Every structure is written in structure tokens, then in C-alpha cells.
Amino acid sequence: MHISAFSLSRVPRIEFGPGLLAKLPGIARRYGTHALLVTGAGSLRGSPFWPDVTAGLSAQGMSWLHLSIPGEPSPQTVDEAVRTFHAEPIDVVIGIGGGSALDAAKAIAGLLKPGNSVMDHLEGVGPELPYAGPAIPFIAVPTTAGTGSEATRNAVLSVQGPDGFKKSFRDDKLVAEYAVVDPDLLATCPPTVIAANGMDAFTQLLESFVSSRAGPLTDSLAWGGMKVARDGLLALYADAGDAVARGRMAYATLVSGITLAQAGLGSVHGLAAPLGAFFPIPHGVACGTLVATATRINIESLRSREPSHPALEKYAQIGRLLSRQGQLGRDDAHAALIDTLDAWTHALRLPTLTHYGVTPNDIPRIVANSRGSSMKTNPVRLDDSEIAAIVAARI
Ligand SMILES: [Zn+2]
């Protein structure tokens, strides 16, 4: 095995395991006595975990302010929060929730002290000024198994509508100080969220595994993540009470955040950005509904243009892994991979793009806005007609 050059950027300190939410107050206390809690729209406050967190913080002598984030965060959400809390003596920002809450918390932690607008730093829009910090220490506590935001250095913010965008505020200084990953928190996750987020996590593992920036370190992590996702995704969808499946998907998601931050993604995430900007499509649904077709088109393009590309063997390895048929030849393994992804898409009842109002007339605009950072690390350079075919197949 040839070990190619690679770099490993920051990863949070990680506490992973059932029941480890109990460690959160003690970890937060290391940074001071004033916390800002950033959560999702409200389900956490009604859950049994909320009193544990707040009582735990009180027991540590900490005071806390609370901000809830309804839906996917926009730059305006972040700027308003920064204005509201800028003068407060906040020592630590704790994000507890799905990807939206964690991304919002990450961006707010980054800007509370500098106090400027997040629009100054968003990639691809505005002046793209370098971020100098300082960031307030951020602790990420995921309650879904989806984006892997607990391990990444970017916060995805979106403005939705015809002129919408979905872009990242990205810097190493935004990486969480701690990720507290307690799989028990997934017990309250509804099946539709488990389906979409689980497919997002799997897609992140798959895309970083075949990425043009993949390397031996992320490959071994992604491989293990895909293996446990194979064994955990449908089981967790069937029963969020399955503690073994919860652990598997929480792990697969955490690892997907590490691998995507190091190795990048591919065409599915390239397309998820404009789809989520122009239409009210949750990120995980966009990824889950596209991944089977996008994988097929990547394989077809590689076969016709770059038949000796190493990603073709990697796709075959994944096909053998998911189908549990280690003896399959390359072509059969590719077919097994696409069949498995199709079967998951069907079993998890992932809606088509039509469900969110996408029509064939929208395809050129979606394709034109798909060439962000994720598309750049796709294993093969797709032309516009190939990208259009991915979208068309899911309308
Ligand atoms: Zn994703």
C-alpha cells in the first residue's frame, strides 16, 4: 500500500458513549461559569435530557442563556444572535441538537467576540475576509446522526428562495473544543429524520472515501464508518430504541464529520447546496435521494473516461462490503453497490425532488450552482449533462 502525503487538521476532543451527556456540565465548567445554550426548535426542551443538562450546569455553579434555532440557520440568524449576546460575558457556547443547531452555535461562537457579520466570511458570497478570531470555546452535542458538524470546521448557512444560497463559514478555529456524542440522545429522533440524516452520514463517508483528496488515514476511518452504517441504518430507522444501532449510527456520523473535513466530498454534496438553497429540501433528504444515482453516474463516467482510476476499485470494495459478497468481481460489485443504495433509498422512503417542487426547468440553474468546494473533490470531473442527469433521475 502506497502511503500518499496527507495533512490532518484539527479534530475536537471527543467523548463518545451512552450516558456521557452527564459529563457535559463538568466539561463546560472548565471554560468558565457563563454558558450560551444553542438548541433546535424545541423538541429538546420537552425531552428528559433538558433538565439533566440545566440541573447539571446549575450544580457546577454555572449560569446559562438559551437560544433556539428554528430550521436551518441563515446569516441573519447568526448576526442577530451575535448582536443579542455580544455584550454578555459568555465563556462557552454549547450547541445541542441536529446539524442546524450545531452549525448555528459554531458560527455564533466564532463571531461573539469579533462582533462582525458572518457575511464577511461566507465562501462564495461577499468579501470572503479571512477570519482572525478569537472564537469562544464551543462544545458540540449532536442529538441526531446526520451532518457530523460536531467534528467539522465549517458552519453551513443558507438563504432560501430564488436568489438563495447555501454556503460555509469555514475556519480551523471554529472546530469544537469538545464533541460529546451520546448515542442515547438519538432515542427521541423520529424515523424520517433518522432516514435522511443516516443517508447523509453514509454519503459523507462514501464521498470522502472516493474523494480526490482521500488518503490512508481517512480511508480507514471511512471504511469502518460505512461498515457500521451498513449494520445500523435500517435497524435504527425501524427502531430508535435499538441501543446497538444508535451507537453504530452515532459513530458513523462522527467519523463522517472527521473524514469530510479532511478529505472533502463529491457530486452529491455539490448538488445538495443549490437544491437546499432554492427549495425547502432538508440536507439529508437531498443527499439521500441523490446518492444512488450520483454513484452510478460517477462509476459510468470513470469507466468510460478513466478506466484505471483507483476510485473504481474503491467503489467495488464498498459494493462488496455493503452486499456482504466479498467474492464479487469489479462490475458485479459496482452493480451491488448501486442496488444496495437504491434499496436503502426505497426502504427509507426518501422522497423524490418533485416532492419539493423541483421541475425539469430548474435543472440548468441547479447545475450552474453545483460547482462549489464539494464538486471539486468528486473523483471524476463531471460535465454539465452528467450533473443534469443526476438531478433528472430524481424528479
Ligand atoms: Zn452532508
# chains A, B, ... in the order shown; residues from 1 in each chain; ligands from 1

$ residues_around --residues "Leu271 in chain A" --least-positions-apart "3" --cutoff "6 Å" --atoms "only C-alpha atoms" --output "list in words"
Val268, Pro274 and Ser370 of chain A

$ residues_around --residues "Val11 in chain A" --least-positions-apart "2" --cutoff "12 Å" --atoms "only C-alpha atoms" --output "tab-separated table (two decimals) with N, CA and C atoms, in the first residue's frame"
chain	number	residue	atom	x	y	z
A	8	LEU	N	-3.48	16.36	8.55
A	8	LEU	CA	-4.62	16.16	9.43
A	8	LEU	C	-4.86	17.46	10.16
A	9	SER	N	-5.99	18.10	9.88
A	9	SER	CA	-6.27	19.34	10.60
A	9	SER	C	-7.00	19.03	11.89
A	13	ARG	N	-11.62	17.29	20.86
A	13	ARG	CA	-11.56	16.22	21.85
A	13	ARG	C	-12.93	15.55	21.85
A	14	ILE	N	-12.96	14.24	21.97
A	14	ILE	CA	-14.22	13.52	21.77
A	14	ILE	C	-14.54	12.69	23.01
A	148	GLY	N	-22.55	15.38	11.03
A	148	GLY	CA	-21.17	15.28	11.52
A	148	GLY	C	-20.58	16.63	11.88
A	149	SER	N	-21.45	17.64	12.01
A	149	SER	CA	-20.99	19.00	12.31
A	149	SER	C	-20.15	19.06	13.59
A	150	GLU	N	-20.37	18.08	14.49
A	150	GLU	CA	-19.60	18.06	15.73
A	150	GLU	C	-18.10	17.89	15.47
A	151	ALA	N	-17.73	17.43	14.28
A	151	ALA	CA	-16.31	17.19	14.01
A	151	ALA	C	-15.75	18.07	12.90
A	152	THR	N	-16.55	18.95	12.33
A	152	THR	CA	-16.08	19.72	11.18
A	152	THR	C	-15.71	21.16	11.57
A	153	ARG	N	-15.06	21.84	10.61
A	153	ARG	CA	-14.62	23.21	10.87
A	153	ARG	C	-15.48	24.21	10.11
A	172	ASP	N	-10.37	26.64	10.79
A	172	ASP	CA	-9.91	25.70	11.82
A	172	ASP	C	-10.27	26.16	13.23
A	173	LYS	N	-10.32	27.48	13.43
A	173	LYS	CA	-10.62	27.99	14.78
A	173	LYS	C	-12.06	27.71	15.19
A	174	LEU	N	-12.92	27.31	14.23
A	174	LEU	CA	-14.33	27.04	14.56
A	174	LEU	C	-14.55	25.60	15.04
A	175	VAL	N	-13.55	24.75	14.89
A	175	VAL	CA	-13.72	23.35	15.33
A	175	VAL	C	-14.06	23.32	16.82
A	176	ALA	N	-15.02	22.47	17.18
A	176	ALA	CA	-15.43	22.39	18.58
A	176	ALA	C	-14.24	21.99	19.46
A	177	GLU	N	-14.21	22.55	20.68
A	177	GLU	CA	-13.23	22.11	21.66
A	177	GLU	C	-13.52	20.66	22.05
A	178	TYR	N	-14.80	20.37	22.23
A	178	TYR	CA	-15.24	19.04	22.61
A	178	TYR	C	-16.44	18.64	21.76
A	179	ALA	N	-16.48	17.38	21.37
A	179	ALA	CA	-17.72	16.78	20.86
A	179	ALA	C	-18.14	15.75	21.89
A	254	LEU	N	-20.16	10.66	13.42
A	254	LEU	CA	-18.98	11.35	13.96
A	254	LEU	C	-17.79	11.18	13.01
A	255	VAL	N	-17.57	9.93	12.59
A	255	VAL	CA	-16.45	9.64	11.70
A	255	VAL	C	-16.63	10.34	10.35
A	257	GLY	N	-17.96	13.16	9.83
A	257	GLY	CA	-17.56	14.55	10.01
A	257	GLY	C	-16.05	14.71	9.95
A	258	ILE	N	-15.34	13.75	10.55
A	258	ILE	CA	-13.87	13.82	10.52
A	258	ILE	C	-13.38	13.61	9.09
A	259	THR	N	-13.90	12.61	8.40
A	259	THR	CA	-13.38	12.32	7.05
A	259	THR	C	-13.74	13.41	6.06
A	260	LEU	N	-14.95	13.98	6.17
A	260	LEU	CA	-15.31	15.02	5.20
A	260	LEU	C	-14.47	16.28	5.43
A	261	ALA	N	-14.17	16.57	6.69
A	261	ALA	CA	-13.37	17.77	6.98
A	261	ALA	C	-11.95	17.62	6.44
A	262	GLN	N	-11.46	16.38	6.40
A	262	GLN	CA	-10.08	16.17	5.95
A	262	GLN	C	-10.00	15.92	4.45

$ closest_atom_pairs --of "chain A" --to "ligand 1" --cutoff "12 Å" --atoms "only C-alpha atoms and all ligand atoms" --output "CSV"
residue,atom,partner,partner_atom_place_in_ligand_line,distance
A:Gly99,CA,ligand 1,1 (Zn),9.3
A:Ser100,CA,ligand 1,1 (Zn),11.6
A:Ala145,CA,ligand 1,1 (Zn),10.9
A:Gly146,CA,ligand 1,1 (Zn),7.2
A:Thr147,CA,ligand 1,1 (Zn),5.1
A:Gly148,CA,ligand 1,1 (Zn),7.8
A:Ser149,CA,ligand 1,1 (Zn),9.0
A:Thr152,CA,ligand 1,1 (Zn),11.1
A:Asn154,CA,ligand 1,1 (Zn),11.7
A:Ala155,CA,ligand 1,1 (Zn),11.7
A:Val156,CA,ligand 1,1 (Zn),10.0
A:Ala196,CA,ligand 1,1 (Zn),9.8
A:Asn197,CA,ligand 1,1 (Zn),8.1
A:Gly198,CA,ligand 1,1 (Zn),9.7
A:Met199,CA,ligand 1,1 (Zn),8.6
A:Asp200,CA,ligand 1,1 (Zn),4.8
A:Ala201,CA,ligand 1,1 (Zn),6.4
A:Phe202,CA,ligand 1,1 (Zn),8.8
A:Thr203,CA,ligand 1,1 (Zn),7.0
A:Gln204,CA,ligand 1,1 (Zn),5.8
A:Leu205,CA,ligand 1,1 (Zn),9.5
A:Leu206,CA,ligand 1,1 (Zn),10.9
A:Glu207,CA,ligand 1,1 (Zn),9.8
A:Ser208,CA,ligand 1,1 (Zn),10.9
A:Thr253,CA,ligand 1,1 (Zn),9.8
A:Leu254,CA,ligand 1,1 (Zn),11.9
A:Ser256,CA,ligand 1,1 (Zn),8.9
A:Gly257,CA,ligand 1,1 (Zn),8.7
A:Thr259,CA,ligand 1,1 (Zn),11.6
A:Leu260,CA,ligand 1,1 (Zn),8.8
A:Ala261,CA,ligand 1,1 (Zn),11.0
A:Gly264,CA,ligand 1,1 (Zn),10.7
A:Leu265,CA,ligand 1,1 (Zn),8.6
A:Gly266,CA,ligand 1,1 (Zn),10.2
A:Ser267,CA,ligand 1,1 (Zn),11.2
A:Val268,CA,ligand 1,1 (Zn),8.5
A:His269,CA,ligand 1,1 (Zn),6.3
A:Gly270,CA,ligand 1,1 (Zn),9.8
A:Leu271,CA,ligand 1,1 (Zn),10.7
A:Ala272,CA,ligand 1,1 (Zn),8.0
A:Ala273,CA,ligand 1,1 (Zn),9.5
A:Gly276,CA,ligand 1,1 (Zn),11.2
A:Pro282,CA,ligand 1,1 (Zn),10.1
A:His283,CA,ligand 1,1 (Zn),6.4
A:Gly284,CA,ligand 1,1 (Zn),6.4
A:Val285,CA,ligand 1,1 (Zn),9.6
A:Ala286,CA,ligand 1,1 (Zn),8.8
A:Cys287,CA,ligand 1,1 (Zn),6.6
A:Gly288,CA,ligand 1,1 (Zn),9.3
A:Leu290,CA,ligand 1,1 (Zn),11.7
A:Val291,CA,ligand 1,1 (Zn),10.9
A:Ser374,CA,ligand 1,1 (Zn),10.1

$ select_by_dssp --residues "range 106-202 of chain A" --states "alpha helix (DSSP H)" --output "ChimeraX atom specification"
/A:106-111,191-202

$ closest_residue --among "A:Leu321, A:Ala294, A:Ala101, A:Leu122" --to "Ser168 in chain A" --atoms "only C-alpha atoms"
A:Leu122

$ atom_distance --atom1 "CA of Leu234 in chain A" --atom2 "CA of Leu341 in chain A"
11.8 Å

$ residues_around --residues "Gln76 in chain A" --least-positions-apart "3" --cutoff "12 Å" --atoms "only C-alpha atoms" --output "PyMOL selection string"
chain A and resi 69+72-73+79-83+104+107-108+116-119+157-160

$ write_last_selection --atoms "all heavy atoms" --output "compact mmCIF listing (two decimals), in the first residue's frame"
# COMPACT_ATOMS: atom_id res chain seq x y z
N ILE A 69 -32.97 27.68 17.60
CA ILE A 69 -32.80 27.95 16.17
C ILE A 69 -33.90 27.20 15.43
O ILE A 69 -33.88 25.98 15.35
CB ILE A 69 -31.42 27.44 15.68
CG1 ILE A 69 -30.28 28.07 16.48
CG2 ILE A 69 -31.24 27.68 14.17
CD1 ILE A 69 -30.10 29.54 16.27
N GLU A 72 -33.10 25.55 9.37
CA GLU A 72 -31.69 25.70 9.01
C GLU A 72 -31.28 27.16 9.17
O GLU A 72 -32.00 28.06 8.78
CB GLU A 72 -31.46 25.20 7.58
CG GLU A 72 -31.75 23.70 7.46
CD GLU A 72 -31.29 23.05 6.15
OE1 GLU A 72 -30.70 23.75 5.32
OE2 GLU A 72 -31.54 21.85 6.00
N PRO A 73 -30.12 27.41 9.78
CA PRO A 73 -29.76 28.80 10.12
C PRO A 73 -29.37 29.62 8.89
O PRO A 73 -28.76 29.11 7.96
CB PRO A 73 -28.56 28.63 11.06
CG PRO A 73 -27.97 27.33 10.69
CD PRO A 73 -29.09 26.45 10.23
N ASP A 79 -26.18 36.64 12.76
CA ASP A 79 -25.89 38.06 13.06
C ASP A 79 -26.78 38.57 14.20
O ASP A 79 -26.31 39.32 15.07
CB ASP A 79 -26.10 38.92 11.81
CG ASP A 79 -24.95 38.75 10.81
OD1 ASP A 79 -23.98 38.04 11.14
OD2 ASP A 79 -25.03 39.32 9.71
N GLU A 80 -28.06 38.18 14.18
CA GLU A 80 -28.96 38.63 15.26
C GLU A 80 -28.51 38.08 16.61
O GLU A 80 -28.53 38.78 17.62
CB GLU A 80 -30.40 38.17 14.96
CG GLU A 80 -31.10 39.09 13.97
CD GLU A 80 -32.49 38.57 13.58
OE1 GLU A 80 -33.00 37.63 14.25
OE2 GLU A 80 -33.04 39.10 12.61
N ALA A 81 -28.10 36.80 16.62
CA ALA A 81 -27.65 36.21 17.88
C ALA A 81 -26.38 36.91 18.37
O ALA A 81 -26.24 37.16 19.57
CB ALA A 81 -27.39 34.71 17.67
N VAL A 82 -25.48 37.22 17.45
CA VAL A 82 -24.25 37.90 17.85
C VAL A 82 -24.58 39.27 18.44
O VAL A 82 -24.03 39.66 19.47
CB VAL A 82 -23.28 38.01 16.64
CG1 VAL A 82 -22.13 38.96 16.93
CG2 VAL A 82 -22.76 36.63 16.27
N ARG A 83 -25.51 40.00 17.80
CA ARG A 83 -25.91 41.31 18.34
C ARG A 83 -26.53 41.17 19.72
O ARG A 83 -26.25 41.93 20.65
CB ARG A 83 -26.92 41.99 17.40
CG ARG A 83 -26.26 42.81 16.30
CD ARG A 83 -27.26 43.76 15.66
NE ARG A 83 -28.36 43.08 15.01
CZ ARG A 83 -28.31 42.62 13.75
NH1 ARG A 83 -27.22 42.77 13.04
NH2 ARG A 83 -29.35 42.00 13.22
N ALA A 104 -25.27 26.62 13.68
CA ALA A 104 -25.56 27.97 14.20
C ALA A 104 -24.68 28.26 15.41
O ALA A 104 -24.06 29.33 15.50
CB ALA A 104 -27.04 28.08 14.58
N ALA A 107 -21.05 28.97 14.40
CA ALA A 107 -20.83 30.29 13.81
C ALA A 107 -20.95 31.39 14.86
O ALA A 107 -20.17 32.35 14.87
CB ALA A 107 -21.85 30.52 12.68
N ILE A 108 -21.92 31.24 15.78
CA ILE A 108 -22.11 32.25 16.83
C ILE A 108 -20.87 32.28 17.75
O ILE A 108 -20.37 33.36 18.09
CB ILE A 108 -23.40 31.96 17.62
CG1 ILE A 108 -24.62 32.19 16.71
CG2 ILE A 108 -23.49 32.82 18.88
CD1 ILE A 108 -25.92 31.59 17.25
N ASN A 116 -18.52 41.02 14.21
CA ASN A 116 -18.86 41.43 12.83
C ASN A 116 -19.86 40.45 12.21
O ASN A 116 -20.20 39.42 12.80
CB ASN A 116 -17.60 41.54 11.98
CG ASN A 116 -16.83 40.24 11.89
OD1 ASN A 116 -16.53 39.63 12.91
ND2 ASN A 116 -16.53 39.79 10.69
N SER A 117 -20.31 40.79 10.99
CA SER A 117 -21.31 39.95 10.32
C SER A 117 -20.67 38.72 9.72
O SER A 117 -19.57 38.77 9.17
CB SER A 117 -21.99 40.75 9.20
OG SER A 117 -22.75 39.86 8.39
N VAL A 118 -21.39 37.59 9.78
CA VAL A 118 -20.89 36.35 9.20
C VAL A 118 -20.78 36.47 7.68
O VAL A 118 -20.00 35.75 7.04
CB VAL A 118 -21.77 35.15 9.63
CG1 VAL A 118 -23.12 35.16 8.92
CG2 VAL A 118 -21.06 33.83 9.38
N MET A 119 -21.51 37.41 7.10
CA MET A 119 -21.44 37.62 5.65
C MET A 119 -20.03 38.02 5.21
O MET A 119 -19.64 37.82 4.07
CB MET A 119 -22.44 38.70 5.19
CG MET A 119 -23.89 38.28 5.26
SD MET A 119 -24.29 36.85 4.24
CE MET A 119 -24.00 37.50 2.61
N LEU A 157 -24.62 27.87 6.29
CA LEU A 157 -25.71 28.84 6.47
C LEU A 157 -26.42 29.01 5.14
O LEU A 157 -25.80 28.94 4.08
CB LEU A 157 -25.15 30.18 6.95
CG LEU A 157 -24.31 30.11 8.23
CD1 LEU A 157 -23.72 31.48 8.56
CD2 LEU A 157 -25.13 29.60 9.40
N SER A 158 -27.74 29.22 5.21
CA SER A 158 -28.46 29.32 3.94
C SER A 158 -29.50 30.42 3.94
O SER A 158 -30.06 30.78 4.98
CB SER A 158 -29.10 27.97 3.59
OG SER A 158 -29.79 27.45 4.68
N VAL A 159 -29.69 30.95 2.75
CA VAL A 159 -30.81 31.84 2.47
C VAL A 159 -31.61 31.11 1.42
O VAL A 159 -31.06 30.70 0.40
CB VAL A 159 -30.32 33.20 1.93
CG1 VAL A 159 -31.49 34.03 1.41
CG2 VAL A 159 -29.56 33.96 2.99
N GLN A 160 -32.90 30.90 1.70
CA GLN A 160 -33.68 30.09 0.78
C GLN A 160 -34.54 30.94 -0.13
O GLN A 160 -35.01 32.00 0.26
CB GLN A 160 -34.56 29.13 1.58
CG GLN A 160 -34.86 27.88 0.78
CD GLN A 160 -35.53 26.85 1.65
OE1 GLN A 160 -36.71 26.95 1.91
NE2 GLN A 160 -34.76 25.90 2.12

$ residues_around --residues "range 302-314 of chain A" --least-positions-apart "6" --cutoff "9 Å" --atoms "only C-alpha atoms" --output "MDAnalysis selection string"
chainID A and resid 209:212 330 334 379:380

$ residues_around --residues "Ala187 in chain A" --least-positions-apart "3" --cutoff "9 Å" --atoms "only C-alpha atoms" --output "list in words"
Thr143, Pro183, Asp184, Pro190, Asp239, Ala240, Gly241, Asp242, Ala243 and Arg246 of chain A

$ closest_residue --among "A:Arg30, A:Phe279, A:Phe138, A:Thr293" --to "Asp163 in chain A" --atoms "only C-alpha atoms"
A:Phe279

$ residues_around --residues "Gly40 in chain A" --least-positions-apart "6" --cutoff "9 Å" --atoms "only C-alpha atoms" --output "PyMOL selection string"
chain A and resi 67-71+95-98+100-102

$ select_by_dssp --residues "range 70-226 of chain A" --states "strand (DSSP E or B)" --output "VMD selection string"
chain A and resid 92 to 97 138 to 142 154 to 159 165 to 170 178 to 181

$ write_last_selection --atoms "N, CA and C atoms" --output "PDB file, in the first residue's frame"
ATOM      1  N   VAL A  92     -18.505  30.021  27.224  1.00  0.00           N
ATOM      2  CA  VAL A  92     -18.565  28.788  26.437  1.00  0.00           C
ATOM      3  C   VAL A  92     -19.913  28.728  25.727  1.00  0.00           C
ATOM      4  N   VAL A  93     -19.887  28.280  24.471  1.00  0.00           N
ATOM      5  CA  VAL A  93     -21.129  28.081  23.710  1.00  0.00           C
ATOM      6  C   VAL A  93     -21.342  26.577  23.596  1.00  0.00           C
ATOM      7  N   ILE A  94     -22.535  26.127  23.991  1.00  0.00           N
ATOM      8  CA  ILE A  94     -22.859  24.696  23.920  1.00  0.00           C
ATOM      9  C   ILE A  94     -23.976  24.523  22.894  1.00  0.00           C
ATOM     10  N   GLY A  95     -23.693  23.844  21.798  1.00  0.00           N
ATOM     11  CA  GLY A  95     -24.708  23.537  20.795  1.00  0.00           C
ATOM     12  C   GLY A  95     -25.243  22.142  21.052  1.00  0.00           C
ATOM     13  N   ILE A  96     -26.558  22.032  21.271  1.00  0.00           N
ATOM     14  CA  ILE A  96     -27.169  20.712  21.486  1.00  0.00           C
ATOM     15  C   ILE A  96     -28.304  20.580  20.477  1.00  0.00           C
ATOM     16  N   GLY A  97     -28.180  19.659  19.535  1.00  0.00           N
ATOM     17  CA  GLY A  97     -29.248  19.490  18.557  1.00  0.00           C
ATOM     18  C   GLY A  97     -28.751  18.814  17.299  1.00  0.00           C
ATOM     19  N   PHE A 138     -16.331  26.195  22.030  1.00  0.00           N
ATOM     20  CA  PHE A 138     -17.596  25.634  21.562  1.00  0.00           C
ATOM     21  C   PHE A 138     -17.617  24.138  21.881  1.00  0.00           C
ATOM     22  N   ILE A 139     -18.737  23.687  22.467  1.00  0.00           N
ATOM     23  CA  ILE A 139     -18.932  22.262  22.744  1.00  0.00           C
ATOM     24  C   ILE A 139     -20.121  21.797  21.916  1.00  0.00           C
ATOM     25  N   ALA A 140     -19.925  20.738  21.117  1.00  0.00           N
ATOM     26  CA  ALA A 140     -20.981  20.235  20.235  1.00  0.00           C
ATOM     27  C   ALA A 140     -21.572  18.950  20.806  1.00  0.00           C
ATOM     28  N   VAL A 141     -22.900  18.933  20.928  1.00  0.00           N
ATOM     29  CA  VAL A 141     -23.589  17.755  21.452  1.00  0.00           C
ATOM     30  C   VAL A 141     -24.671  17.367  20.444  1.00  0.00           C
ATOM     31  N   PRO A 142     -24.363  16.447  19.520  1.00  0.00           N
ATOM     32  CA  PRO A 142     -25.353  16.100  18.495  1.00  0.00           C
ATOM     33  C   PRO A 142     -26.497  15.252  19.062  1.00  0.00           C
ATOM     34  N   ASN A 154     -16.637  23.775   9.607  1.00  0.00           N
ATOM     35  CA  ASN A 154     -17.477  24.722   8.868  1.00  0.00           C
ATOM     36  C   ASN A 154     -18.892  24.755   9.416  1.00  0.00           C
ATOM     37  N   ALA A 155     -19.511  25.924   9.296  1.00  0.00           N
ATOM     38  CA  ALA A 155     -20.925  26.111   9.621  1.00  0.00           C
ATOM     39  C   ALA A 155     -21.632  26.439   8.312  1.00  0.00           C
ATOM     40  N   VAL A 156     -22.647  25.646   7.976  1.00  0.00           N
ATOM     41  CA  VAL A 156     -23.374  25.864   6.726  1.00  0.00           C
ATOM     42  C   VAL A 156     -24.562  26.777   7.015  1.00  0.00           C
ATOM     43  N   LEU A 157     -24.620  27.875   6.289  1.00  0.00           N
ATOM     44  CA  LEU A 157     -25.705  28.840   6.471  1.00  0.00           C
ATOM     45  C   LEU A 157     -26.422  29.007   5.144  1.00  0.00           C
ATOM     46  N   SER A 158     -27.737  29.223   5.207  1.00  0.00           N
ATOM     47  CA  SER A 158     -28.460  29.323   3.944  1.00  0.00           C
ATOM     48  C   SER A 158     -29.496  30.422   3.944  1.00  0.00           C
ATOM     49  N   VAL A 159     -29.690  30.953   2.754  1.00  0.00           N
ATOM     50  CA  VAL A 159     -30.810  31.845   2.472  1.00  0.00           C
ATOM     51  C   VAL A 159     -31.612  31.112   1.417  1.00  0.00           C
ATOM     52  N   PHE A 165     -28.840  30.887  -1.382  1.00  0.00           N
ATOM     53  CA  PHE A 165     -27.526  30.226  -1.414  1.00  0.00           C
ATOM     54  C   PHE A 165     -27.386  29.408  -0.157  1.00  0.00           C
ATOM     55  N   LYS A 166     -26.438  28.503  -0.219  1.00  0.00           N
ATOM     56  CA  LYS A 166     -26.125  27.662   0.939  1.00  0.00           C
ATOM     57  C   LYS A 166     -24.612  27.580   0.972  1.00  0.00           C
ATOM     58  N   LYS A 167     -23.990  28.283   1.912  1.00  0.00           N
ATOM     59  CA  LYS A 167     -22.537  28.443   1.879  1.00  0.00           C
ATOM     60  C   LYS A 167     -21.955  28.245   3.273  1.00  0.00           C
ATOM     61  N   SER A 168     -20.645  28.032   3.300  1.00  0.00           N
ATOM     62  CA  SER A 168     -19.965  27.731   4.559  1.00  0.00           C
ATOM     63  C   SER A 168     -19.163  28.910   5.083  1.00  0.00           C
ATOM     64  N   PHE A 169     -19.213  29.060   6.402  1.00  0.00           N
ATOM     65  CA  PHE A 169     -18.250  29.856   7.171  1.00  0.00           C
ATOM     66  C   PHE A 169     -17.265  28.819   7.694  1.00  0.00           C
ATOM     67  N   ARG A 170     -16.015  28.890   7.232  1.00  0.00           N
ATOM     68  CA  ARG A 170     -15.094  27.786   7.455  1.00  0.00           C
ATOM     69  C   ARG A 170     -13.770  28.285   8.014  1.00  0.00           C
ATOM     70  N   TYR A 178     -14.797  20.374  22.234  1.00  0.00           N
ATOM     71  CA  TYR A 178     -15.242  19.036  22.608  1.00  0.00           C
ATOM     72  C   TYR A 178     -16.438  18.640  21.762  1.00  0.00           C
ATOM     73  N   ALA A 179     -16.481  17.380  21.367  1.00  0.00           N
ATOM     74  CA  ALA A 179     -17.716  16.779  20.858  1.00  0.00           C
ATOM     75  C   ALA A 179     -18.143  15.749  21.892  1.00  0.00           C
ATOM     76  N   VAL A 180     -19.326  15.959  22.471  1.00  0.00           N
ATOM     77  CA  VAL A 180     -19.871  14.992  23.426  1.00  0.00           C
ATOM     78  C   VAL A 180     -20.949  14.216  22.672  1.00  0.00           C
ATOM     79  N   VAL A 181     -20.612  13.001  22.281  1.00  0.00           N
ATOM     80  CA  VAL A 181     -21.507  12.211  21.432  1.00  0.00           C
ATOM     81  C   VAL A 181     -22.125  11.096  22.265  1.00  0.00           C
TER      82      VAL A 181
END

$ atom_distance --atom1 "CA of Thr359 in chain A" --atom2 "CA of Ile387 in chain A"
15.0 Å

$ atom_distance --atom1 "CA of Ser47 in chain A" --atom2 "CA of Leu21 in chain A"
13.3 Å

$ closest_residue --among "A:Arg10, A:Arg349, A:Arg381, A:His121" --to "Pro75 in chain A" --atoms "only C-alpha atoms"
A:His121

$ closest_residue --among "A:Ala392, A:Pro18, A:Pro216, A:Ala5" --to "Tyr251 in chain A" --atoms "only C-alpha atoms"
A:Pro18

$ closest_residue --among "A:Ile366, A:Ala250, A:Ile90, A:Val125" --to "Ser385 in chain A" --atoms "only C-alpha atoms"
A:Ile366

$ residues_around --residues "range 22-25 of chain A" --least-positions-apart "2" --cutoff "8 Å" --atoms "only C-alpha atoms" --output "PyMOL selection string"
chain A and resi 19-20+27-29+52-53+56-57+60+180

$ decode --residues "range 311-323 of chain A" --atoms "N, CA and C atoms" --output "compact mmCIF listing (two decimals), in the first residue's frame"
# COMPACT_ATOMS: atom_id res chain seq x y z
N ALA A 311 -10.54 5.06 -7.89
CA ALA A 311 -11.87 5.13 -7.28
C ALA A 311 -12.76 3.98 -7.76
N LEU A 312 -12.51 3.45 -8.97
CA LEU A 312 -13.34 2.34 -9.44
C LEU A 312 -13.17 1.11 -8.55
N GLU A 313 -11.93 0.83 -8.14
CA GLU A 313 -11.73 -0.29 -7.23
C GLU A 313 -12.32 0.02 -5.85
N LYS A 314 -12.24 1.27 -5.45
CA LYS A 314 -12.84 1.63 -4.15
C LYS A 314 -14.35 1.45 -4.17
N TYR A 315 -15.00 1.87 -5.26
CA TYR A 315 -16.45 1.65 -5.37
C TYR A 315 -16.76 0.15 -5.29
N ALA A 316 -15.92 -0.67 -5.94
CA ALA A 316 -16.14 -2.12 -5.91
C ALA A 316 -16.00 -2.64 -4.48
N GLN A 317 -14.99 -2.13 -3.76
CA GLN A 317 -14.81 -2.57 -2.36
C GLN A 317 -16.07 -2.26 -1.53
N ILE A 318 -16.63 -1.09 -1.76
CA ILE A 318 -17.83 -0.71 -0.99
C ILE A 318 -19.01 -1.61 -1.38
N GLY A 319 -19.11 -1.93 -2.68
CA GLY A 319 -20.17 -2.84 -3.13
C GLY A 319 -20.07 -4.19 -2.44
N ARG A 320 -18.84 -4.69 -2.33
CA ARG A 320 -18.65 -5.98 -1.65
C ARG A 320 -18.97 -5.85 -0.16
N LEU A 321 -18.58 -4.74 0.43
CA LEU A 321 -18.84 -4.53 1.86
C LEU A 321 -20.35 -4.48 2.14
N LEU A 322 -21.06 -3.67 1.37
CA LEU A 322 -22.49 -3.48 1.65
C LEU A 322 -23.30 -4.73 1.34
N SER A 323 -22.91 -5.45 0.29
CA SER A 323 -23.69 -6.65 -0.09
C SER A 323 -23.21 -7.89 0.66
